[in-house]
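Quick look at start_13.cif (mmCIF, C-alpha atoms):
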```
data_target
loop_
_atom_site.label_atom_id
_atom_site.label_comp_id
_atom_site.auth_asym_id
_atom_site.auth_seq_id
_atom_site.Cartn_x
_atom_site.Cartn_y
_atom_site.Cartn_z
CA MET I 203 -209.20 8.10 114.21
CA LYS I 204 -208.97 11.04 111.82
CA THR I 205 -207.33 14.26 112.85
CA GLN I 206 -209.16 17.40 112.08
CA LYS I 207 -207.37 19.75 109.71
CA GLN I 208 -206.88 23.23 110.99
CA PRO I 209 -207.98 25.91 108.55
CA TRP I 210 -205.04 27.84 107.13
CA ARG I 211 -204.50 31.02 109.01
CA LYS I 212 -202.63 34.00 107.74
CA LYS I 213 -199.81 35.00 110.04
CA THR I 214 -200.36 38.41 111.57
CA TYR I 215 -197.57 40.93 111.91
CA GLU I 216 -197.23 44.11 113.86
CA LYS I 217 -197.10 47.29 111.85
CA ALA I 218 -193.48 48.35 111.40
CA THR I 219 -192.46 51.90 112.14
CA LEU I 220 -190.85 54.06 109.47
CA GLU I 221 -187.63 54.09 111.50
CA LEU I 222 -187.50 50.28 111.53
CA LYS I 223 -188.19 50.12 107.78
CA LEU I 224 -185.42 52.62 106.98
CA PHE I 225 -183.03 50.90 109.39
CA VAL I 226 -183.62 47.45 107.85
CA VAL I 227 -183.34 48.76 104.27
CA ASP I 228 -180.15 50.64 105.13
CA GLN I 229 -178.57 47.53 106.66
CA ILE I 230 -179.46 45.43 103.61
CA GLN I 231 -178.22 48.01 101.10
CA ASN I 232 -174.94 48.44 102.99
CA GLY I 233 -174.43 44.67 102.94
CA GLN I 234 -174.51 44.27 106.70
CA ILE I 235 -177.32 41.71 106.60
CA SER I 236 -179.19 39.72 103.96
CA THR I 237 -182.88 39.95 103.19
CA ASN I 238 -183.42 36.44 104.56
CA PHE I 239 -181.63 37.26 107.81
CA ALA I 240 -183.56 40.53 108.19
CA SER I 241 -186.81 38.66 107.59
CA LYS I 242 -186.05 36.22 110.41
CA LYS I 243 -184.54 38.78 112.78
CA TYR I 244 -187.32 41.35 112.52
CA ASP I 245 -190.13 38.84 111.86
CA VAL I 246 -191.13 40.48 108.58
CA PRO I 247 -191.86 38.63 105.31
CA ARG I 248 -189.15 38.82 102.64
CA THR I 249 -191.65 40.15 100.13
CA THR I 250 -192.45 43.02 102.45
CA ILE I 251 -188.76 43.83 102.85
CA GLY I 252 -188.40 43.70 99.06
CA TYR I 253 -191.26 46.20 98.80
CA TRP I 254 -189.56 48.47 101.35
CA ILE I 255 -186.30 48.35 99.40
CA LYS I 256 -188.08 49.24 96.15
CA LYS I 257 -190.03 52.04 97.80
CA TYR I 258 -186.96 53.40 99.62
CA SER I 259 -184.77 53.43 96.50
CA THR I 260 -187.38 55.41 94.55
CA LEU I 261 -187.69 57.79 97.48
CA VAL I 262 -183.93 58.39 97.51
CA GLN I 263 -183.93 58.82 93.74
CA GLN I 264 -186.67 61.45 93.97
CA ASN I 265 -184.81 63.31 96.71
CA THR I 266 -181.55 63.41 94.78
CA GLY I 267 -183.36 64.26 91.56
CA MET I 268 -181.08 62.01 89.51
CA SER I 269 -182.59 59.78 86.86
CA LYS I 270 -181.11 56.42 85.89
CA LEU I 271 -179.70 57.92 82.69
CA ASP I 272 -178.03 60.73 84.62
CA GLU I 273 -176.59 58.23 87.05
CA ILE I 274 -175.25 56.07 84.18
CA LYS I 275 -173.74 59.16 82.53
CA LYS I 276 -172.07 60.16 85.78
CA LEU I 277 -170.67 56.65 86.29
CA LYS I 278 -169.32 56.56 82.71
CA GLU I 279 -167.55 59.86 83.30
CA ARG I 280 -166.06 58.47 86.50
CA ILE I 281 -164.84 55.37 84.63
CA GLU I 282 -163.16 57.58 82.00
CA GLU I 283 -161.48 59.59 84.73
CA LEU I 284 -160.20 56.48 86.50
CA GLU I 285 -158.93 54.98 83.23
CA PHE I 286 -156.99 58.19 82.57
CA VAL I 287 -155.45 58.04 86.04
CA LYS I 288 -154.55 54.37 85.50
CA GLU I 289 -152.87 55.15 82.17
CA PHE I 290 -150.94 58.01 83.73
CA GLN I 291 -149.74 55.86 86.61
CA GLN I 292 -148.73 53.09 84.23
CA ASP I 293 -146.74 55.59 82.14
CA ILE I 294 -144.89 56.76 85.23
CA ILE I 295 -144.13 53.18 86.33
CA ALA I 296 -142.94 52.24 82.83
CA ASP I 297 -140.66 55.32 82.69
CA MET I 298 -139.28 54.58 86.14
CA GLU I 299 -138.59 50.96 85.21
CA ILE I 300 -136.79 52.03 82.03
CA ILE I 301 -134.65 54.54 83.92
CA THR I 302 -133.76 52.29 86.85
CA GLY I 303 -133.74 48.98 85.02
CA VAL I 304 -135.69 47.35 87.86
CA ASP I 305 -138.96 45.53 87.09
CA LEU I 306 -141.04 46.38 90.14
CA SER I 307 -144.40 45.91 88.44
CA LYS I 308 -143.86 42.17 87.95
CA LYS I 309 -143.23 41.72 91.66
CA SER I 310 -145.88 43.98 93.14
CA LEU I 311 -148.79 44.31 90.68
CA PRO I 312 -151.35 41.86 89.32
CA LYS I 313 -150.27 40.04 86.14
CA THR I 314 -152.66 41.94 83.86
CA LEU I 315 -151.34 45.33 85.00
CA ALA I 316 -147.74 44.15 84.83
CA LYS I 317 -148.29 43.01 81.23
CA GLU I 318 -149.78 46.39 80.30
CA ILE I 319 -146.78 48.17 81.80
CA GLU I 320 -144.40 45.83 79.97
CA LEU I 321 -146.11 46.70 76.68
CA LYS I 322 -145.80 50.41 77.48
CA LYS I 323 -142.09 49.96 78.17
CA LYS I 324 -141.57 48.17 74.84
CA ASN I 325 -143.47 50.89 72.98
CA ARG I 326 -141.43 53.60 74.69
CA LEU I 327 -138.18 51.91 73.76
CA LYS I 328 -139.33 51.55 70.14
CA GLU I 329 -140.34 55.22 69.97
CA ASN I 330 -137.14 56.49 71.52
CA GLY I 331 -134.83 53.99 69.87
CA SER I 332 -131.94 53.29 72.18
CA MET I 333 -132.48 56.50 74.12
CA SER I 334 -134.09 56.32 77.51
CA VAL I 335 -136.72 58.72 78.75
CA LEU I 336 -134.10 61.08 80.15
CA GLY I 337 -132.21 61.14 76.88
CA LEU I 338 -129.28 59.15 78.18
CA VAL I 339 -127.84 56.34 76.15
CA ASN I 340 -129.49 53.15 77.36
CA LYS I 341 -127.63 50.69 75.15
CA LEU I 342 -124.37 51.15 73.42
CA SER I 343 -124.35 50.48 69.73
CA THR I 344 -122.29 47.49 68.59
CA LYS I 345 -119.73 49.74 66.90
CA ASP I 346 -119.07 51.70 70.07
CA SER I 347 -118.83 48.63 72.28
CA LYS I 348 -116.00 46.98 70.30
CA PRO I 349 -112.51 48.09 71.26
CA LYS I 350 -110.62 49.88 68.49
CA LYS I 351 -107.54 48.22 67.14
CA THR I 352 -104.43 50.28 66.88
CA ASN I 353 -101.74 49.60 64.34
CA ASP I 354 -98.41 49.62 66.14
#
```
If you convert what's in this file into structure tokens, what do you get?
Amino acid sequence: MKTQKQPWRKKTYEKATLELKLFVVDQIQNGQISTNFASKKYDVPRTTIGYWIKKYSTLVQQNTGMSKLDEIKKLKERIEELEFVKEFQQDIIADMEIITGVDLSKKSLPKTLAKEIELKKKNRLKENGSMSVLGLVNKLSTKDSKPKKTND
């Protein structure tokens, strides 16, 4: 006995409200839920959610009035600013380590940052010779460290 094949029927969905669309898109963009999870939870196709995300992001972009190039320029400026702050902080740590003689960066910072600070310390010592940042003698010269002989 043959079974009759049912004709393929398109699944029908209820029309989503604007509030639901914005809520779902906001949750996805904030990383609270994935597109797949939102699709199952709210019974909406993934392609539709993808369309909402695309539409919402262009809407936000229009409201802020910032083009992609402006956004990239702003992010590059922020990167420059953060790199300057990082360099400044590394300089301070290197100076502090030279003055105190304690290597805190090796213990408390990631290896890459600790290596950068170590290089800064070496460069500082080369620039200043045997003088520390405060101008105090860091290492005695070999002539000064030997005791003088007296002729009695």
Just how far from atom CA of I:Lys309 is atom CA of I:Lys324, in Å to one decimal?
->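 Distance between the two atoms: 18.1 Å.
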Between atom CA of I:Ser236 and atom CA of I:Lys257, distance in Å (one decimal) | 17.5 Å
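The spacing separating atom CA of I:Gln292 from atom CA of I:Leu321 amounts to 10.2 Å.
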Selection: 12 Å around stretch 239-245 of chain I, all atoms listed in the file, excl. self and same-chain fewer than 6 positions, as a PDB file with C-alpha atoms, keeping the file's coordinate frame:
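This went into around14.pdb:
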```pdb
ATOM      1  CA  LYS I 213    -199.810  35.000 110.040  1.00  0.00           C
ATOM      2  CA  THR I 214    -200.360  38.410 111.570  1.00  0.00           C
ATOM      3  CA  TYR I 215    -197.570  40.930 111.910  1.00  0.00           C
ATOM      4  CA  GLU I 216    -197.230  44.110 113.860  1.00  0.00           C
ATOM      5  CA  LYS I 217    -197.100  47.290 111.850  1.00  0.00           C
ATOM      6  CA  ALA I 218    -193.480  48.350 111.400  1.00  0.00           C
ATOM      7  CA  THR I 219    -192.460  51.900 112.140  1.00  0.00           C
ATOM      8  CA  LEU I 222    -187.500  50.280 111.530  1.00  0.00           C
ATOM      9  CA  LYS I 223    -188.190  50.120 107.780  1.00  0.00           C
ATOM     10  CA  PHE I 225    -183.030  50.900 109.390  1.00  0.00           C
ATOM     11  CA  VAL I 226    -183.620  47.450 107.850  1.00  0.00           C
ATOM     12  CA  VAL I 227    -183.340  48.760 104.270  1.00  0.00           C
ATOM     13  CA  ASP I 228    -180.150  50.640 105.130  1.00  0.00           C
ATOM     14  CA  GLN I 229    -178.570  47.530 106.660  1.00  0.00           C
ATOM     15  CA  ILE I 230    -179.460  45.430 103.610  1.00  0.00           C
ATOM     16  CA  GLN I 231    -178.220  48.010 101.100  1.00  0.00           C
ATOM     17  CA  GLY I 233    -174.430  44.670 102.940  1.00  0.00           C
ATOM     18  CA  ILE I 251    -188.760  43.830 102.850  1.00  0.00           C
ATOM     19  CA  GLY I 252    -188.400  43.700  99.060  1.00  0.00           C
ATOM     20  CA  TRP I 254    -189.560  48.470 101.350  1.00  0.00           C
TER      21      TRP I 254
END
```
Hits from the PyMOL selection byres ((chain I and resi 295) around 10), listed as a VMD selection string = chain I and resid 289 to 294 296 to 301 305 to 307 316 319 to 320 322 to 323
